[in-house]
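So the structure is just underneath, and the comments pick up after that.
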Amino acid sequence: MGSTQVWAALLPILGFILGLMTRGMSQAKFKLLRNKIAAYFSSYIQITIPEYGADRYQGRSDFFVAIEAYLSDSNSALGVRKLKAEIVSNTKKPQVSVDDEQEIIDNSFHGVTLWWYALTEYPSSNIIINRPGDERRRFYRVVFHKKFRDDVINTFLPLVIENGHTVIANNRQRRLFTNNPSNRWGPTNIWSHVAFQHPANFSTLAMDPTVKEDIINDLNAFKVGKGYYADVGKAWKRGYLLFGPPGTGKSTMIAAIANELGYDVYDLELTAVKNNTELRRLFIETKEKSVIVIEDIDCSVNLTSNRQERKKPSRKKSGGDSDDESDDGDTKLTLSGVLNFIDGLWSACGGERIIIFTTNNKDELDPALIRRGRMDKHIEMSYCRYEAFKVLASNYLKITEDQFFEKFGEIQQLLGEVDMSPADVAEHLMRMGKKDADACLQGLVDGLRKAKDIAIKEKVKANEEVVKSMGKEVIIEAK
Ligand SMILES: Nc1ncnc2c1ncn2[C@@H]1O[C@H](COP(=O)(O)OP(=O)(O)OP(=O)(O)O)[C@@H](O)[C@H]1O
Ligand SMILES: [Mg+2]
C-alpha cells in the first residue's frame, strides 16, 4: 500500500509542523485537524468499527464480532504471526483472532486490496473508569482505495458480516432448548437450554440407504437455499413429518438432522402451551439455524378434535386453513394456531428453520396439519430390514456381511418375516455381558425366532376369533 504507507510515515512530521502551528489548541481538536488534512491528501478511505456502540450495556457490536470471526477464518490472516485466543461462552473451542496492531492484507474481494487493522486505544490516565470495558477501546479499521467505496460498503462489508456469522455458527456449542411453562416466563427465559451433544449422525442411522441419501441431499439443498427460497417467494423453512412405530429411530433422526446441519434444537412441549398467543411468542423467540421439534404431535394436544368439529355440517369452512377457531385462540391452543405456527406470517420471521413433527399414528392426524407445503417431506421410519441391520451390525459390532455370512443370511430371512424395531435389534447387538459378535448375532437370531413364533400364534388366535364370530353370525342368520 505504497501511498498509505508514505502517508503513515509523513503523519508524525505533519503532526509536528501542525503542533508548532496550533500551539494552544486542545489535543482533541488538534487530532481532528491532523486527520482531516491527511484524509484530504490521501486517495484511501478508512472505516473504523468500534467494539462497543454508544451504549456499552448493549454489549459488543454485532459488526465488530462478525469482523473478528471473519478475520479469524480468512486465508488472508494466515500470515499473521500474533494471534490471541479467548474462551467465549457457547463456543466449542477457543476463539482465535488477530492480535492488536496487526495488519492483514485482504485480496479476497474481486482482487481489490483492503488492509485490516486490529487496534486498541487506552484513554489517558486521568479518566475515571466506571463501566466495564472502558479501560480500553478496541476497534477494527479497514482501509481501501476510494474508487471502491460503493463496492466495499454495499457488497463487501455485508459479505464480511454474513461470513462472520457463518464462522460463529460453526464454532458455537449447539443447544437443546425446551419451553418453560408460561407462569415462569420472564422477559428472557421462555426457553431453557442445555448443551446439545447427541452423537447421532446419518452414517450410524439404520434405514433404507436410498431414503437416507434423499434426506441428506434435501437437507443440504435447504441449507444453501437462501437465494432459491427468496427467488420463489417462499419463507426459508422446511417441514418434515417423521412417522413410524416406537423405536424405529424418529428421535435419533432428529438428532442426526441437527448434527448434519449444525443447528440448535427447540423441543417444543405443546402440553405446556396454553394458547395460540403463547405459541406465537415461543416461535418468535426461536433463533434462525434451528430445528423446531414437536414430538408425538398426535398425543400433544387434542388437535384432532378440531377436525371432528369442523366436519360438522353447520361449519362453513373446512380443511384446516380456516380461522373459525380464532375466537378460542386467546384461551386455547387450537389447530389453526398450530397451522399458523408452521406457515402463518409469523413463521416467516428470521428464516432458516426446519420444523419436525413425529408421530406413531400418521392416520390420526388432521390432513391439514401434514399436507405438502406444510410438512414438505413425509418420512416413514420402519421396522428393521436387512439393509438397516447391516448398519446396526457395523455400528455395534464393527462387523460386515462377509465375516458372518451364514448368520447374516439367517437374519436376513427372519427380518423379512418378522417386524422388529431397530431399537430392539440394537438391544440384541449390544455386547454388554456377551462375549463376542457371534454370541450377539445368535442372541438376535433367537430373539427373531421367538418374535416369529409369537406373531404366528397371535395370527392363529386372531383367525380363530374371526372364524368363531363368523360361525355365530351364521347361526344367528339361520335362526
Ligand atoms: N433407525 C435407527 N438407527 C439407529 N439406531 C436406532 C434406530 N432406531 C432406533 N435406534 C436405537 O434405538 C433407540 C430408540 O430410538 P428412537 O428413540 O430414535 O426411536 P423413536 O422412533 O423416536 O421411538 P418413539 O416413537 O418411542 O419415540 C435409539 O437410542 C437408538 O439407539
Ligand atoms: Mg422418539
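How things are named: the first chain in the C-alpha cells is A, the next is B, and so on; residues count from 1 in each chain; ligands count from 1 in the order shown.
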
task = Extract, using only C-alpha atoms, all DNA, RNA and protein residues at most 10 Å from Ala169 of chain A, discarding same-chain residues fewer than 3 positions from it, and format them as a PyMOL selection string.
result = chain A and resi 69+91+163-166+172-174+262-264+289

ask   = Within 8 Å of ligand 1, counting only C-alpha atoms and all ligand atoms, which protein or nucleic acid residues do you find, written as a ChimeraX atom specification?
value = /A:204-207,243-253,295-296,358-360,381-382,384,388,391-392,421-424,426-427

Same residues, C-alpha atoms, saved as an mmCIF file, in the first residue's frame:
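Below you can see result01.cif, which holds the result:
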```cif
data_model
loop_
_atom_site.group_PDB
_atom_site.id
_atom_site.type_symbol
_atom_site.label_atom_id
_atom_site.label_comp_id
_atom_site.auth_asym_id
_atom_site.auth_seq_id
_atom_site.Cartn_x
_atom_site.Cartn_y
_atom_site.Cartn_z
ATOM 1 C CA THR A 204 -24.955 -44.618 12.055
ATOM 2 C CA LEU A 205 -28.681 -44.262 11.329
ATOM 3 C CA ALA A 206 -30.104 -47.606 10.213
ATOM 4 C CA MET A 207 -32.590 -47.176 7.395
ATOM 5 C CA PHE A 243 -43.795 -41.331 11.318
ATOM 6 C CA GLY A 244 -43.458 -44.951 12.306
ATOM 7 C CA PRO A 245 -43.770 -47.383 15.210
ATOM 8 C CA PRO A 246 -41.930 -46.829 18.507
ATOM 9 C CA GLY A 247 -38.193 -47.471 18.484
ATOM 10 C CA THR A 248 -37.695 -47.010 14.754
ATOM 11 C CA GLY A 249 -35.365 -44.027 15.063
ATOM 12 C CA LYS A 250 -37.533 -40.897 14.774
ATOM 13 C CA SER A 251 -35.866 -39.064 17.658
ATOM 14 C CA THR A 252 -32.474 -40.346 16.543
ATOM 15 C CA MET A 253 -33.160 -38.955 13.080
ATOM 16 C CA GLU A 295 -42.688 -34.980 19.229
ATOM 17 C CA ASP A 296 -45.760 -37.199 19.243
ATOM 18 C CA THR A 358 -43.119 -37.030 14.891
ATOM 19 C CA THR A 359 -45.967 -39.438 15.324
ATOM 20 C CA ASN A 360 -46.682 -43.133 15.762
ATOM 21 C CA MET A 381 -39.270 -44.877 9.815
ATOM 22 C CA SER A 382 -39.977 -48.570 9.532
ATOM 23 C CA CYS A 384 -35.656 -53.110 10.804
ATOM 24 C CA ALA A 388 -30.761 -51.326 8.242
ATOM 25 C CA VAL A 391 -25.707 -50.608 9.516
ATOM 26 C CA LEU A 392 -26.520 -51.621 13.105
ATOM 27 C CA SER A 421 -37.818 -52.279 15.591
ATOM 28 C CA PRO A 422 -34.194 -51.114 15.108
ATOM 29 C CA ALA A 423 -34.202 -50.306 18.844
ATOM 30 C CA ASP A 424 -34.910 -53.980 19.658
ATOM 31 C CA ALA A 426 -29.790 -52.824 18.585
ATOM 32 C CA GLU A 427 -30.504 -54.166 22.060
#
```

query = What's the 10 Å shell around Ala451 of chain A, counting only C-alpha atoms, without same-chain residues fewer than 3 positions away, as a PyMOL selection string?
reply = chain A and resi 414+417-420+445-448+454-457

Based on the selection just made, write C-alpha atoms of those residues as a PDB file, in the first residue's frame.
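This went into part32.pdb:
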```
ATOM      1  CA  LEU A 414     -36.037 -63.679   9.560  1.00  0.00           C
ATOM      2  CA  GLU A 417     -40.757 -62.327   8.074  1.00  0.00           C
ATOM      3  CA  VAL A 418     -40.807 -60.571  11.450  1.00  0.00           C
ATOM      4  CA  ASP A 419     -41.378 -56.914  12.383  1.00  0.00           C
ATOM      5  CA  MET A 420     -38.711 -55.896  14.896  1.00  0.00           C
ATOM      6  CA  VAL A 445     -31.490 -64.958  15.761  1.00  0.00           C
ATOM      7  CA  ASP A 446     -33.083 -66.425  18.904  1.00  0.00           C
ATOM      8  CA  GLY A 447     -34.971 -63.193  19.552  1.00  0.00           C
ATOM      9  CA  LEU A 448     -36.261 -63.063  15.970  1.00  0.00           C
ATOM     10  CA  ILE A 454     -45.394 -65.147  18.951  1.00  0.00           C
ATOM     11  CA  ALA A 455     -46.551 -63.472  15.711  1.00  0.00           C
ATOM     12  CA  ILE A 456     -47.698 -66.830  14.289  1.00  0.00           C
ATOM     13  CA  LYS A 457     -49.590 -67.707  17.486  1.00  0.00           C
TER      14      LYS A 457
END
```

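Using only C-alpha atoms, the contacts of segment 103-119 of chain A at a cut-off of 7 Å, with sequence neighbours closer than 2 positions omitted, comprise Ser76, Ala77, Val98, Asp99, Asp100, Glu101, Glu121, Arg138, Phe139, Tyr140, Arg141, Val142, Val143, Phe144 and Phe156 of chain A.
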
Generate a file of the selected residues that holds C-alpha atoms, formatted as a PDB file, in the first residue's frame.
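So the final result, stored in part_12.pdb, reads:
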```pdb
ATOM      1  CA  SER A  76      -5.556 -13.512   4.391  1.00  0.00           C
ATOM      2  CA  ALA A  77      -4.902 -13.811   8.110  1.00  0.00           C
ATOM      3  CA  VAL A  98      -5.875 -11.455  15.213  1.00  0.00           C
ATOM      4  CA  ASP A  99      -3.955  -9.661  17.937  1.00  0.00           C
ATOM      5  CA  ASP A 100      -3.699  -5.899  18.327  1.00  0.00           C
ATOM      6  CA  GLU A 101      -1.649  -3.722  15.995  1.00  0.00           C
ATOM      7  CA  GLU A 121      -6.624   2.667  22.376  1.00  0.00           C
ATOM      8  CA  ARG A 138     -10.798  -1.818  20.681  1.00  0.00           C
ATOM      9  CA  PHE A 139     -11.721  -1.400  17.075  1.00  0.00           C
ATOM     10  CA  TYR A 140     -11.092  -2.711  13.592  1.00  0.00           C
ATOM     11  CA  ARG A 141     -10.124  -0.399  10.800  1.00  0.00           C
ATOM     12  CA  VAL A 142     -10.364  -1.246   7.134  1.00  0.00           C
ATOM     13  CA  VAL A 143      -8.552   0.869   4.555  1.00  0.00           C
ATOM     14  CA  PHE A 144      -9.116   0.779   0.789  1.00  0.00           C
ATOM     15  CA  PHE A 156     -18.037  -6.372   0.628  1.00  0.00           C
TER      16      PHE A 156
END
```

DSSP helix (DSSP H, G or I) selection over segment 78-315 of chain A, as a PyMOL selection string = chain A and resi 78-79+146-171+182-184+202-204+209-223+226-232+250-261+270-272+276-284+297-300+303-311
